[in-house]
>>> print(open('start_15.cif').read())   # mmCIF, C-alpha atoms
data_data
loop_
_atom_site.label_atom_id
_atom_site.label_comp_id
_atom_site.auth_asym_id
_atom_site.auth_seq_id
_atom_site.Cartn_x
_atom_site.Cartn_y
_atom_site.Cartn_z
CA MET A 17 25.62 -63.74 8.75
CA ASP A 18 23.39 -61.50 6.63
CA GLY A 19 24.64 -57.92 7.01
CA SER A 20 21.90 -55.97 5.23
CA PRO A 21 20.34 -53.11 7.24
CA LEU A 22 17.52 -54.17 9.55
CA ILE A 23 14.06 -52.64 9.78
CA ASP A 24 13.25 -52.12 13.45
CA GLN A 25 9.46 -52.30 13.64
CA TYR A 26 9.15 -51.02 17.23
CA SER A 27 11.07 -48.55 19.38
CA HIS A 28 10.55 -45.34 21.34
CA GLY A 29 13.58 -43.15 20.64
CA ALA A 30 16.83 -42.38 22.44
CA VAL A 31 17.56 -40.00 25.31
CA HIS A 32 18.86 -36.48 24.81
CA GLY A 33 21.81 -35.19 26.79
CA GLU A 34 24.43 -36.60 29.10
CA LEU A 35 23.72 -39.48 31.45
CA GLY A 36 25.39 -40.00 34.79
CA LEU A 37 26.01 -43.42 36.27
CA GLY A 38 22.69 -43.40 38.16
CA SER A 39 20.64 -42.39 35.11
CA PHE A 40 22.40 -44.88 32.85
CA GLU A 41 21.87 -47.67 35.40
CA ALA A 42 18.17 -46.74 35.69
CA HIS A 43 17.69 -47.10 31.92
CA LEU A 44 19.72 -50.30 31.90
CA GLY A 45 17.67 -51.74 34.76
CA ALA A 46 14.38 -50.90 33.03
CA ALA A 47 15.61 -52.65 29.88
CA ALA A 48 16.51 -55.68 31.98
CA GLY A 49 12.98 -55.77 33.41
CA ALA A 50 13.96 -54.49 36.85
CA HIS A 51 12.19 -51.86 38.94
CA GLY A 52 14.10 -49.47 41.14
CA PRO A 53 17.84 -49.26 41.82
CA ALA A 54 20.09 -52.28 41.86
CA PRO A 55 20.61 -53.85 45.31
CA ALA A 56 23.52 -52.43 47.28
CA GLY A 57 26.84 -53.75 46.05
CA THR A 58 25.44 -54.85 42.67
CA THR A 59 24.99 -53.27 39.26
CA TYR A 60 22.62 -53.70 36.32
CA PHE A 61 25.68 -54.12 34.15
CA ASP A 62 25.59 -57.64 35.63
CA SER A 63 22.52 -58.61 33.60
CA TRP A 64 21.97 -60.06 30.14
CA THR A 65 21.39 -56.54 28.81
CA GLY A 66 24.42 -55.18 30.65
CA ILE A 67 26.70 -57.91 29.31
CA ALA A 68 25.42 -57.26 25.79
CA VAL A 69 26.13 -53.52 26.15
CA ARG A 70 29.68 -54.25 27.34
CA ARG A 71 30.27 -56.70 24.49
CA TRP A 72 29.06 -54.70 21.50
CA CYS A 73 29.00 -51.01 22.40
CA PRO A 74 32.56 -50.17 23.54
CA PRO A 75 34.14 -50.89 20.11
CA LEU A 76 31.76 -48.36 18.54
CA LEU A 77 33.24 -45.72 20.87
CA GLY A 78 36.86 -46.76 20.32
CA LEU A 79 37.24 -49.11 23.29
CA GLU A 80 37.87 -52.82 23.64
CA PRO A 81 34.92 -55.18 24.22
CA HIS A 82 34.06 -55.95 27.84
CA CYS A 83 35.86 -52.89 29.19
CA PRO A 84 34.87 -51.90 32.75
CA PRO A 85 31.57 -49.98 33.00
CA ALA A 86 33.30 -46.97 34.58
CA ARG A 87 35.71 -46.73 31.64
CA TYR A 88 32.88 -47.06 29.14
CA LEU A 89 30.83 -44.30 30.78
CA ALA A 90 33.91 -42.08 31.05
CA ARG A 91 34.51 -42.51 27.30
CA ARG A 92 30.86 -41.70 26.68
CA ARG A 93 31.23 -38.43 28.61
CA GLU A 94 34.57 -37.67 26.96
CA ILE A 95 33.22 -37.66 23.42
CA GLY A 96 29.85 -36.18 24.43
CA ALA A 97 26.34 -37.54 24.37
CA TYR A 98 25.57 -36.20 20.89
CA ARG A 99 28.54 -37.86 19.19
CA ALA A 100 28.25 -41.03 21.26
CA GLY A 101 24.59 -41.40 20.29
CA ARG A 102 25.40 -40.94 16.61
CA LEU A 103 28.22 -43.50 16.71
CA LEU A 104 26.07 -46.05 18.50
CA LEU A 105 22.98 -45.60 16.35
CA ARG A 106 25.00 -45.63 13.13
CA GLY A 107 26.80 -48.76 14.26
CA ALA A 108 23.63 -50.66 15.13
CA GLY A 109 23.04 -51.90 11.61
CA ILE A 110 19.45 -50.61 11.46
CA GLY A 111 18.44 -48.85 8.27
CA THR A 112 14.81 -48.03 9.08
CA PHE A 113 13.10 -47.33 12.40
CA LEU A 114 9.39 -47.44 13.21
CA VAL A 115 9.05 -45.14 16.21
CA GLU A 116 6.01 -44.75 18.42
CA ALA A 117 4.73 -41.20 17.97
CA GLY A 118 4.23 -38.86 20.89
CA THR A 119 7.40 -39.90 22.70
CA PRO A 120 8.31 -37.97 25.87
CA SER A 121 10.30 -34.77 25.36
CA ASP A 122 13.47 -36.37 26.75
CA LEU A 123 13.49 -38.90 23.88
CA THR A 124 14.27 -38.33 20.22
CA SER A 125 11.42 -38.05 17.77
CA ALA A 126 11.32 -40.19 14.66
CA ALA A 127 12.94 -37.39 12.62
CA GLU A 128 15.67 -36.81 15.22
CA LEU A 129 16.40 -40.53 15.46
CA ALA A 130 16.65 -40.78 11.68
CA ALA A 131 19.10 -37.86 11.53
CA ALA A 132 21.28 -39.25 14.32
CA ALA A 133 21.35 -42.74 12.80
CA ALA A 134 21.70 -41.61 9.17
CA ALA A 135 18.71 -43.83 8.50
CA ARG A 136 14.98 -43.67 7.75
CA ALA A 137 12.28 -43.41 10.38
CA HIS A 138 8.48 -43.60 10.34
CA GLU A 139 5.85 -42.93 12.98
CA VAL A 140 3.49 -45.45 14.55
CA VAL A 141 0.46 -43.83 16.22
CA ARG A 142 -0.78 -45.40 19.46
CA LEU A 143 -4.58 -45.40 19.56
CA GLU A 144 -5.24 -45.01 23.29
CA PRO A 145 -3.14 -41.84 23.79
CA LEU A 146 -4.75 -40.41 20.67
CA ALA A 147 -8.20 -40.89 22.21
CA GLU A 148 -6.98 -39.39 25.49
CA GLN A 149 -5.72 -36.27 23.70
CA VAL A 150 -9.08 -35.87 21.95
CA ALA A 151 -10.93 -36.32 25.24
CA ASP A 152 -8.89 -33.55 26.86
CA THR A 153 -10.30 -31.07 24.33
CA SER A 154 -13.84 -32.42 23.94
CA GLY A 155 -16.78 -30.92 25.80
CA SER A 156 -19.40 -33.53 24.96
CA VAL A 157 -19.89 -37.09 23.77
CA ASP A 158 -20.80 -35.90 20.28
CA SER A 159 -17.70 -33.72 19.97
CA PHE A 160 -15.48 -36.50 21.31
CA ILE A 161 -16.76 -39.07 18.78
CA GLY A 162 -16.54 -36.57 15.93
CA TYR A 163 -13.09 -35.28 16.83
CA LEU A 164 -11.84 -38.83 17.36
CA ALA A 165 -12.88 -39.81 13.85
CA GLU A 166 -11.11 -36.73 12.49
CA ALA A 167 -7.96 -37.50 14.50
CA LEU A 168 -7.87 -41.08 13.23
CA TYR A 169 -8.28 -39.91 9.65
CA ALA A 170 -5.58 -37.26 10.02
CA SER A 171 -3.17 -39.73 11.63
CA ALA A 172 -3.74 -42.26 8.85
CA GLN A 173 -2.47 -39.69 6.33
CA HIS A 174 1.07 -39.63 7.78
CA ALA A 175 1.47 -42.69 10.02
CA THR A 176 2.99 -45.95 8.84
CA ALA A 177 0.89 -47.98 11.28
CA PHE A 178 -1.41 -47.77 14.28
CA ALA A 179 -0.74 -49.52 17.58
CA SER A 180 -2.87 -50.54 20.55
CA GLY A 181 -2.28 -51.95 23.99
CA ALA A 182 -5.62 -53.77 24.01
CA THR A 183 -5.47 -56.96 26.06
CA TYR A 184 -8.87 -58.27 24.88
CA CYS A 185 -11.16 -57.76 21.92
CA ASP A 186 -13.86 -60.12 20.68
CA GLY A 187 -15.04 -60.52 17.12
CA ARG A 188 -17.90 -58.03 17.19
CA ALA A 189 -17.57 -54.46 15.95
CA PRO A 190 -19.25 -52.23 18.58
CA ALA A 191 -22.62 -50.66 17.79
CA ALA A 192 -22.92 -46.88 17.66
CA GLY A 193 -25.13 -46.80 20.74
CA GLY A 194 -22.69 -48.83 22.76
CA VAL A 195 -19.83 -46.54 21.74
CA ARG A 196 -21.81 -43.46 22.80
CA ARG A 197 -22.64 -44.97 26.20
CA ALA A 198 -19.03 -46.02 26.75
CA ALA A 199 -17.79 -42.56 25.75
CA ASP A 200 -20.27 -40.96 28.15
CA ARG A 201 -19.15 -43.20 31.04
CA TRP A 202 -15.49 -42.56 30.36
CA LEU A 203 -15.76 -38.80 29.86
CA ARG A 204 -17.81 -38.36 33.02
CA GLY A 205 -15.47 -40.40 35.20
CA ARG A 206 -12.00 -39.65 33.85
CA ARG A 207 -9.49 -37.10 34.94
CA PRO A 208 -7.38 -35.23 32.34
CA GLY A 209 -4.47 -37.39 31.29
CA GLU A 210 -6.02 -40.58 32.67
CA ALA A 211 -5.40 -43.71 30.59
CA LEU A 212 -8.22 -45.16 28.51
CA GLU A 213 -9.49 -48.42 30.01
CA GLU A 214 -13.06 -48.51 28.69
CA PRO A 215 -13.31 -51.84 26.77
CA GLU A 216 -16.04 -50.71 24.37
CA LEU A 217 -14.05 -47.63 23.36
CA VAL A 218 -10.90 -49.70 22.86
CA ARG A 219 -12.88 -52.02 20.55
CA HIS A 220 -14.14 -48.97 18.68
CA LEU A 221 -10.57 -47.71 18.25
CA LEU A 222 -9.36 -51.07 16.99
CA TRP A 223 -12.11 -51.49 14.44
CA SER A 224 -11.74 -47.86 13.32
CA ALA A 225 -8.01 -48.37 12.82
CA VAL A 226 -8.61 -51.56 10.84
CA ALA A 227 -11.00 -49.63 8.59
CA THR A 228 -8.17 -47.26 7.55
CA GLY A 229 -6.25 -50.13 5.96
CA LEU A 230 -3.01 -49.30 7.79
CA PRO A 231 -1.26 -52.15 9.62
CA VAL A 232 -2.14 -52.35 13.32
CA GLN A 233 0.36 -53.44 15.95
CA LEU A 234 -1.22 -55.24 18.91
CA HIS A 235 0.97 -54.83 21.99
CA CYS A 236 -0.63 -57.53 24.10
CA PRO A 237 1.19 -59.45 26.86
CA ASP A 238 -0.69 -62.61 25.84
CA PRO A 239 -2.31 -62.45 22.37
CA GLN A 240 -4.71 -65.37 22.93
CA PRO A 241 -7.58 -63.15 24.27
CA LEU A 242 -7.48 -61.33 20.90
CA ALA A 243 -8.14 -64.53 18.93
CA GLY A 244 -11.76 -63.58 18.23
CA PHE A 245 -10.69 -60.23 16.82
CA LEU A 246 -8.07 -61.92 14.64
CA ARG A 247 -10.68 -64.28 13.19
CA ALA A 248 -13.23 -61.52 12.61
CA THR A 249 -10.80 -59.29 10.69
CA THR A 250 -9.88 -61.99 8.17
CA GLY A 251 -10.43 -60.84 4.60
CA ILE A 252 -10.77 -57.13 5.40
CA GLY A 253 -7.37 -56.35 3.92
CA THR A 254 -5.63 -54.95 7.00
CA ASP A 255 -2.55 -56.65 8.41
CA LEU A 256 -2.22 -57.15 12.18
CA VAL A 257 1.13 -57.57 13.92
CA LEU A 258 1.24 -59.27 17.33
CA MET A 259 3.78 -57.74 19.74
CA PRO A 260 3.60 -60.00 22.82
CA ALA A 261 5.58 -60.06 26.03
CA ALA A 262 7.69 -62.99 27.13
CA PRO A 263 6.91 -65.88 27.36
CA HIS A 264 4.14 -65.54 24.75
CA HIS A 265 6.17 -65.16 21.54
CA ARG A 266 5.63 -68.82 20.60
CA GLY A 267 1.86 -68.45 20.99
CA ALA A 268 1.88 -65.28 18.91
CA ALA A 269 3.80 -67.04 16.14
CA GLN A 270 1.28 -69.87 16.19
CA LEU A 271 -1.59 -67.40 15.76
CA ALA A 272 0.28 -65.75 12.90
CA ALA A 273 0.58 -69.13 11.20
CA VAL A 274 -3.19 -69.67 11.43
CA HIS A 275 -4.35 -66.31 10.06
CA THR A 276 -3.26 -65.01 6.66
CA HIS A 277 -3.33 -61.34 7.71
CA VAL A 278 -1.61 -61.81 11.07
CA TYR A 279 2.13 -61.45 11.71
CA ALA A 280 4.22 -61.69 14.87
CA ASP A 281 7.32 -60.22 16.38
CA ALA A 282 10.16 -62.75 16.23
CA GLY A 283 11.05 -61.95 19.82
CA PRO A 284 14.44 -61.86 21.56
CA ARG A 285 14.92 -65.59 20.87
CA PRO A 286 13.88 -66.21 17.26
CA GLU A 287 14.98 -69.84 17.56
CA GLU A 288 11.77 -70.32 19.59
CA THR A 289 9.44 -68.75 17.02
CA LEU A 290 10.97 -69.96 13.75
CA GLY A 291 9.43 -73.38 14.25
CA GLN A 292 5.96 -72.01 14.97
CA ALA A 293 5.18 -69.94 11.85
CA PRO A 294 6.32 -69.55 8.25
CA PHE A 295 9.43 -67.38 8.21
CA GLY A 296 7.64 -64.68 6.21
CA LYS A 297 5.26 -64.15 9.15
CA LEU A 298 7.97 -63.01 11.62
CA LEU A 299 9.56 -59.57 12.04
CA PHE A 300 12.45 -58.06 14.00
CA SER A 301 12.16 -55.30 16.60
CA SER A 302 14.57 -53.91 19.17
CA GLY A 303 11.92 -52.49 21.51
CA ALA A 304 14.60 -49.93 22.44
CA HIS A 305 13.65 -47.15 24.83
CA GLY A 306 16.05 -44.49 26.05
CA LEU A 307 19.61 -45.74 25.64
CA PRO A 308 20.99 -45.74 22.08
CA GLU A 309 22.96 -48.78 23.27
CA LEU A 310 19.71 -50.76 23.28
CA TYR A 311 19.38 -50.42 19.51
CA VAL A 312 22.86 -51.88 19.18
CA THR A 313 22.22 -54.79 21.53
CA GLY A 314 18.77 -55.53 20.10
CA ALA A 315 20.16 -55.74 16.58
CA ARG A 316 23.27 -57.73 17.54
CA ILE A 317 21.35 -60.23 19.67
CA PHE A 318 18.93 -60.80 16.79
CA ARG A 319 21.70 -61.28 14.24
CA ARG A 320 23.62 -63.55 16.60
CA ALA A 321 20.56 -65.73 17.22
CA MET A 322 19.68 -65.95 13.53
CA ASP A 323 23.27 -66.69 12.59
CA ARG A 324 23.43 -69.53 15.11
CA VAL A 325 20.14 -71.06 13.97
CA VAL A 326 20.79 -70.98 10.23
CA ARG A 327 24.36 -72.21 10.75
CA GLU A 328 23.03 -75.21 12.67
CA TRP A 329 20.52 -75.87 9.93
CA SER A 330 23.22 -75.58 7.28
CA ASP A 331 25.57 -77.90 9.21
CA GLU A 332 22.78 -80.46 9.50
CA GLY A 333 21.97 -80.17 5.80
CA LEU A 334 18.52 -78.67 6.38
CA CYS A 335 19.25 -75.58 4.28
CA GLY A 336 22.00 -74.06 2.20
CA ALA A 337 24.01 -70.99 3.16
CA SER A 338 22.12 -68.85 0.64
CA ASP A 339 18.81 -69.99 2.11
CA GLY A 340 20.04 -69.00 5.57
CA ARG A 341 20.93 -65.50 4.36
CA ARG A 342 17.57 -65.17 2.64
CA ILE A 343 15.64 -66.25 5.76
CA THR A 344 17.59 -63.81 7.95
CA GLU A 345 16.93 -60.97 5.50
CA MET A 346 13.26 -61.88 5.34
CA ILE A 347 12.77 -61.64 9.10
CA GLY A 348 15.19 -58.75 9.56
CA SER A 349 13.72 -56.45 6.93
CA GLY A 350 11.90 -58.07 4.00
CA THR A 351 8.62 -58.88 5.73
CA ALA A 352 8.51 -55.49 7.46
CA ARG A 353 9.05 -53.79 4.11
CA ARG A 354 6.04 -55.65 2.72
CA VAL A 355 3.71 -55.38 5.74
CA TYR A 356 4.39 -51.70 6.42
CA ARG A 357 4.52 -50.87 2.71
CA LEU A 358 8.00 -49.42 2.82
CA ALA A 359 9.91 -48.79 -0.35
CA ALA A 360 13.40 -50.27 -0.66
CA GLU A 361 15.02 -47.74 1.62
CA VAL A 362 18.69 -46.87 1.56
CA PRO A 363 20.18 -45.29 4.70
CA VAL A 364 20.81 -41.57 4.43
CA ALA A 365 24.44 -40.57 4.28
CA GLY A 366 25.52 -38.14 6.92
#
>>> encode(input="start_15.cif", output="structure tokens")
Amino acid sequence: MDGSPLIDQYSHGAVHGELGLGSFEAHLGAAAGAHGPAPAGTTYFDSWTGIAVRRWCPPLLGLEPHCPPARYLARRREIGAYRAGRLLLRGAGIGTFLVEAGTPSDLTSAAELAAAAAARAHEVVRLEPLAEQVADTSGSVDSFIGYLAEALYASAQHATAFASGATYCDGRAPAAGGVRRAADRWLRGRRPGEALEEPELVRHLLWSAVATGLPVQLHCPDPQPLAGFLRATTGIGTDLVLMPAAPHHRGAAQLAAVHTHVYADAGPRPEETLGQAPFGKLLFSSGAHGLPELYVTGARIFRRAMDRVVREWSDEGLCGASDGRRITEMIGSGTARRVYRLAAEVPVAG
């Protein structure tokens, strides 16, 4: 198995402070895709995510694998949330984090995550919340459009990438008149803090982000409705990274194979995407949110899956051991280093 530090292209930060059983279970349930508390008499530790936490996280806190959840949480409280978070993050095997900017106050910022993990971290700016912040301080359509352009420019000076949750975008850049009308509709009808759902404005944000030259992550459940946008941005010089939801990782990889400037998240089961796109078009992410344990499990599940795939290929004579290590490194960090224009980064000692 390749043991070089991973580059995690997408996460949100880890929680501050102690977590009781209920809070820990809530985070664990959210990571497992559940809503609300576990049914009476059950626990979210009995899920794929929960099993992964029990397998890989206890040894980082000085316990045996698969120890009972109560013992694990007791150990977590015993050593304190601060030290436990550091031990977990530093044991995850991630050397660089790309963290969505503007995380809630109960989650670590990119700088705080980097310090806790003794690693590097960079910010990814989400376009829709940026527009919402500008709208909250704009008194007119003209001021909104002007301030939005300034905010995009300012963000491009420090961000590593932009991101959008757009679910559809065709291949036409919006005209100025259409943008003004959409801004007027949205500003008149929205309430402060309300999410941006005006399609013409979302198109404007996407094309404006592409114009900066920074990579743009597209967090779309199904990337197929963005196919027109992918075709239209060919040759501009801006890389796009598809971040789909299950079960659309195979489709995203196929789109990445078709378009030179398009890449895709390898997904939680890279064995499903490796056959759909050149290996240099796929990237690792943990998608971690809240629990530092989720960085550990995301990284270990990825390494385990890649190790299994390349070992099978090697056993069948499809590739040599050195090729397997090179492919794992490519998807785990090499492609992200190239797409996001990251220097060869060495984790910070601490």
>>> residues_around(input="start_15.cif", residues="A:Phe295", least_positions_apart="6", cutoff="10 Å", atoms="all atoms listed in the file", output="VMD selection string")
chain A and resid 269 273 282 289 343 to 344 346 to 347 351
>>> resolve_selection(input="start_15.cif", expression="the PyMOL selection byres ((chain A and resi 223) around 12)", output="ChimeraX atom specification")
/A:143,165,168,178-180,182,185-191,195,216-222,224-232,245-246,248-249,252,254,256
>>> residues_around(input="start_15.cif", residues="A:Leu105", least_positions_apart="5", cutoff="9 Å", atoms="all atoms listed in the file", output="list in words")
Ala100, Ile110, Leu129, Ala132, Ala133, Ala134, Pro308, Glu309, Tyr311 and Val312 of chain A
>>> write_last_selection(input="start_15.cif", atoms="C-alpha atoms", output="compact mmCIF listing (two decimals), in the coordinates of the input")
# COMPACT_ATOMS: atom_id res chain seq x y z
CA ALA A 100 28.25 -41.03 21.26
CA ILE A 110 19.45 -50.61 11.46
CA LEU A 129 16.40 -40.53 15.46
CA ALA A 132 21.28 -39.25 14.32
CA ALA A 133 21.35 -42.74 12.80
CA ALA A 134 21.70 -41.61 9.17
CA PRO A 308 20.99 -45.74 22.08
CA GLU A 309 22.96 -48.78 23.27
CA TYR A 311 19.38 -50.42 19.51
CA VAL A 312 22.86 -51.88 19.18
>>> atom_distance(input="start_15.cif", atom1="atom CA of A:Leu310", atom2="atom CA of A:Ala46")
11.1 Å
>>> residues_near_point(input="start_15.cif", point="(23.4, -36.1, 29.9)", cutoff="10 Å", atoms="all atoms listed in the file", output="mmCIF file with C-alpha atoms, in the frame of the given file")
data_model
loop_
_atom_site.group_PDB
_atom_site.id
_atom_site.type_symbol
_atom_site.label_atom_id
_atom_site.label_comp_id
_atom_site.auth_asym_id
_atom_site.auth_seq_id
_atom_site.Cartn_x
_atom_site.Cartn_y
_atom_site.Cartn_z
ATOM 1 C CA VAL A 31 17.560 -40.000 25.310
ATOM 2 C CA HIS A 32 18.860 -36.480 24.810
ATOM 3 C CA GLY A 33 21.810 -35.190 26.790
ATOM 4 C CA GLU A 34 24.430 -36.600 29.100
ATOM 5 C CA LEU A 35 23.720 -39.480 31.450
ATOM 6 C CA GLY A 36 25.390 -40.000 34.790
ATOM 7 C CA SER A 39 20.640 -42.390 35.110
ATOM 8 C CA PHE A 40 22.400 -44.880 32.850
ATOM 9 C CA ARG A 92 30.860 -41.700 26.680
ATOM 10 C CA ARG A 93 31.230 -38.430 28.610
ATOM 11 C CA GLY A 96 29.850 -36.180 24.430
ATOM 12 C CA ALA A 97 26.340 -37.540 24.370
ATOM 13 C CA TYR A 98 25.570 -36.200 20.890
#
>>> resolve_selection(input="start_15.cif", expression="the PyMOL selection byres ((chain A and resi 72-82) around 12)", output="PDB file with C-alpha atoms, keeping the file's coordinate frame")
ATOM      1  CA  PHE A  61      25.680 -54.120  34.150  1.00  0.00           C
ATOM      2  CA  ASP A  62      25.590 -57.640  35.630  1.00  0.00           C
ATOM      3  CA  THR A  65      21.390 -56.540  28.810  1.00  0.00           C
ATOM      4  CA  GLY A  66      24.420 -55.180  30.650  1.00  0.00           C
ATOM      5  CA  ILE A  67      26.700 -57.910  29.310  1.00  0.00           C
ATOM      6  CA  ALA A  68      25.420 -57.260  25.790  1.00  0.00           C
ATOM      7  CA  VAL A  69      26.130 -53.520  26.150  1.00  0.00           C
ATOM      8  CA  ARG A  70      29.680 -54.250  27.340  1.00  0.00           C
ATOM      9  CA  ARG A  71      30.270 -56.700  24.490  1.00  0.00           C
ATOM     10  CA  CYS A  83      35.860 -52.890  29.190  1.00  0.00           C
ATOM     11  CA  PRO A  84      34.870 -51.900  32.750  1.00  0.00           C
ATOM     12  CA  PRO A  85      31.570 -49.980  33.000  1.00  0.00           C
ATOM     13  CA  ALA A  86      33.300 -46.970  34.580  1.00  0.00           C
ATOM     14  CA  ARG A  87      35.710 -46.730  31.640  1.00  0.00           C
ATOM     15  CA  TYR A  88      32.880 -47.060  29.140  1.00  0.00           C
ATOM     16  CA  LEU A  89      30.830 -44.300  30.780  1.00  0.00           C
ATOM     17  CA  ALA A  90      33.910 -42.080  31.050  1.00  0.00           C
ATOM     18  CA  ARG A  91      34.510 -42.510  27.300  1.00  0.00           C
ATOM     19  CA  ARG A  92      30.860 -41.700  26.680  1.00  0.00           C
ATOM     20  CA  ARG A  93      31.230 -38.430  28.610  1.00  0.00           C
ATOM     21  CA  GLU A  94      34.570 -37.670  26.960  1.00  0.00           C
ATOM     22  CA  ILE A  95      33.220 -37.660  23.420  1.00  0.00           C
ATOM     23  CA  GLY A  96      29.850 -36.180  24.430  1.00  0.00           C
ATOM     24  CA  ALA A  97      26.340 -37.540  24.370  1.00  0.00           C
ATOM     25  CA  ARG A  99      28.540 -37.860  19.190  1.00  0.00           C
ATOM     26  CA  ALA A 100      28.250 -41.030  21.260  1.00  0.00           C
ATOM     27  CA  GLY A 101      24.590 -41.400  20.290  1.00  0.00           C
ATOM     28  CA  ARG A 102      25.400 -40.940  16.610  1.00  0.00           C
ATOM     29  CA  LEU A 103      28.220 -43.500  16.710  1.00  0.00           C
ATOM     30  CA  LEU A 104      26.070 -46.050  18.500  1.00  0.00           C
ATOM     31  CA  LEU A 105      22.980 -45.600  16.350  1.00  0.00           C
ATOM     32  CA  ARG A 106      25.000 -45.630  13.130  1.00  0.00           C
ATOM     33  CA  GLY A 107      26.800 -48.760  14.260  1.00  0.00           C
ATOM     34  CA  ALA A 108      23.630 -50.660  15.130  1.00  0.00           C
ATOM     35  CA  GLY A 109      23.040 -51.900  11.610  1.00  0.00           C
ATOM     36  CA  LEU A 307      19.610 -45.740  25.640  1.00  0.00           C
ATOM     37  CA  PRO A 308      20.990 -45.740  22.080  1.00  0.00           C
ATOM     38  CA  GLU A 309      22.960 -48.780  23.270  1.00  0.00           C
ATOM     39  CA  LEU A 310      19.710 -50.760  23.280  1.00  0.00           C
ATOM     40  CA  TYR A 311      19.380 -50.420  19.510  1.00  0.00           C
ATOM     41  CA  VAL A 312      22.860 -51.880  19.180  1.00  0.00           C
ATOM     42  CA  THR A 313      22.220 -54.790  21.530  1.00  0.00           C
ATOM     43  CA  GLY A 314      18.770 -55.530  20.100  1.00  0.00           C
ATOM     44  CA  ALA A 315      20.160 -55.740  16.580  1.00  0.00           C
ATOM     45  CA  ARG A 316      23.270 -57.730  17.540  1.00  0.00           C
ATOM     46  CA  ILE A 317      21.350 -60.230  19.670  1.00  0.00           C
ATOM     47  CA  ARG A 320      23.620 -63.550  16.600  1.00  0.00           C
TER      48      ARG A 320
END
>>> atom_distance(input="start_15.cif", atom1="atom CA of A:Gln292", atom2="atom CA of A:Glu345")
18.2 Å
>>> decode(input="start_15.cif", residues="stretch 49-53 of chain A", atoms="all heavy atoms", output="PDB file, in the first residue's frame")
ATOM      1  N   GLY A  49     -25.596   8.923   6.535  1.00  0.00           N
ATOM      2  CA  GLY A  49     -26.724   9.251   5.673  1.00  0.00           C
ATOM      3  C   GLY A  49     -28.065   9.174   6.350  1.00  0.00           C
ATOM      4  O   GLY A  49     -29.104   9.206   5.681  1.00  0.00           O
ATOM      5  N   ALA A  50     -28.073   9.093   7.687  1.00  0.00           N
ATOM      6  CA  ALA A  50     -29.329   8.972   8.427  1.00  0.00           C
ATOM      7  C   ALA A  50     -29.804  10.340   8.902  1.00  0.00           C
ATOM      8  O   ALA A  50     -29.017  11.284   9.047  1.00  0.00           O
ATOM      9  CB  ALA A  50     -29.146   8.041   9.619  1.00  0.00           C
ATOM     10  N   HIS A  51     -31.082  10.451   9.157  1.00  0.00           N
ATOM     11  CA  HIS A  51     -31.672  11.674   9.680  1.00  0.00           C
ATOM     12  C   HIS A  51     -32.370  11.352  10.990  1.00  0.00           C
ATOM     13  O   HIS A  51     -33.178  10.428  11.067  1.00  0.00           O
ATOM     14  CB  HIS A  51     -32.683  12.263   8.689  1.00  0.00           C
ATOM     15  CG  HIS A  51     -32.080  12.640   7.376  1.00  0.00           C
ATOM     16  ND1 HIS A  51     -31.409  13.829   7.168  1.00  0.00           N
ATOM     17  CD2 HIS A  51     -32.016  11.976   6.193  1.00  0.00           C
ATOM     18  CE1 HIS A  51     -30.978  13.882   5.919  1.00  0.00           C
ATOM     19  NE2 HIS A  51     -31.334  12.765   5.310  1.00  0.00           N
ATOM     20  N   GLY A  52     -32.044  12.125  12.022  1.00  0.00           N
ATOM     21  CA  GLY A  52     -32.667  11.900  13.306  1.00  0.00           C
ATOM     22  C   GLY A  52     -31.954  10.833  14.116  1.00  0.00           C
ATOM     23  O   GLY A  52     -30.993  10.204  13.652  1.00  0.00           O
ATOM     24  N   PRO A  53     -32.409  10.609  15.341  1.00  0.00           N
ATOM     25  CA  PRO A  53     -31.754   9.625  16.217  1.00  0.00           C
ATOM     26  C   PRO A  53     -31.954   8.205  15.726  1.00  0.00           C
ATOM     27  O   PRO A  53     -32.881   7.904  14.974  1.00  0.00           O
ATOM     28  CB  PRO A  53     -32.447   9.859  17.570  1.00  0.00           C
ATOM     29  CG  PRO A  53     -33.791  10.424  17.208  1.00  0.00           C
ATOM     30  CD  PRO A  53     -33.556  11.264  15.993  1.00  0.00           C
TER      31      PRO A  53
END
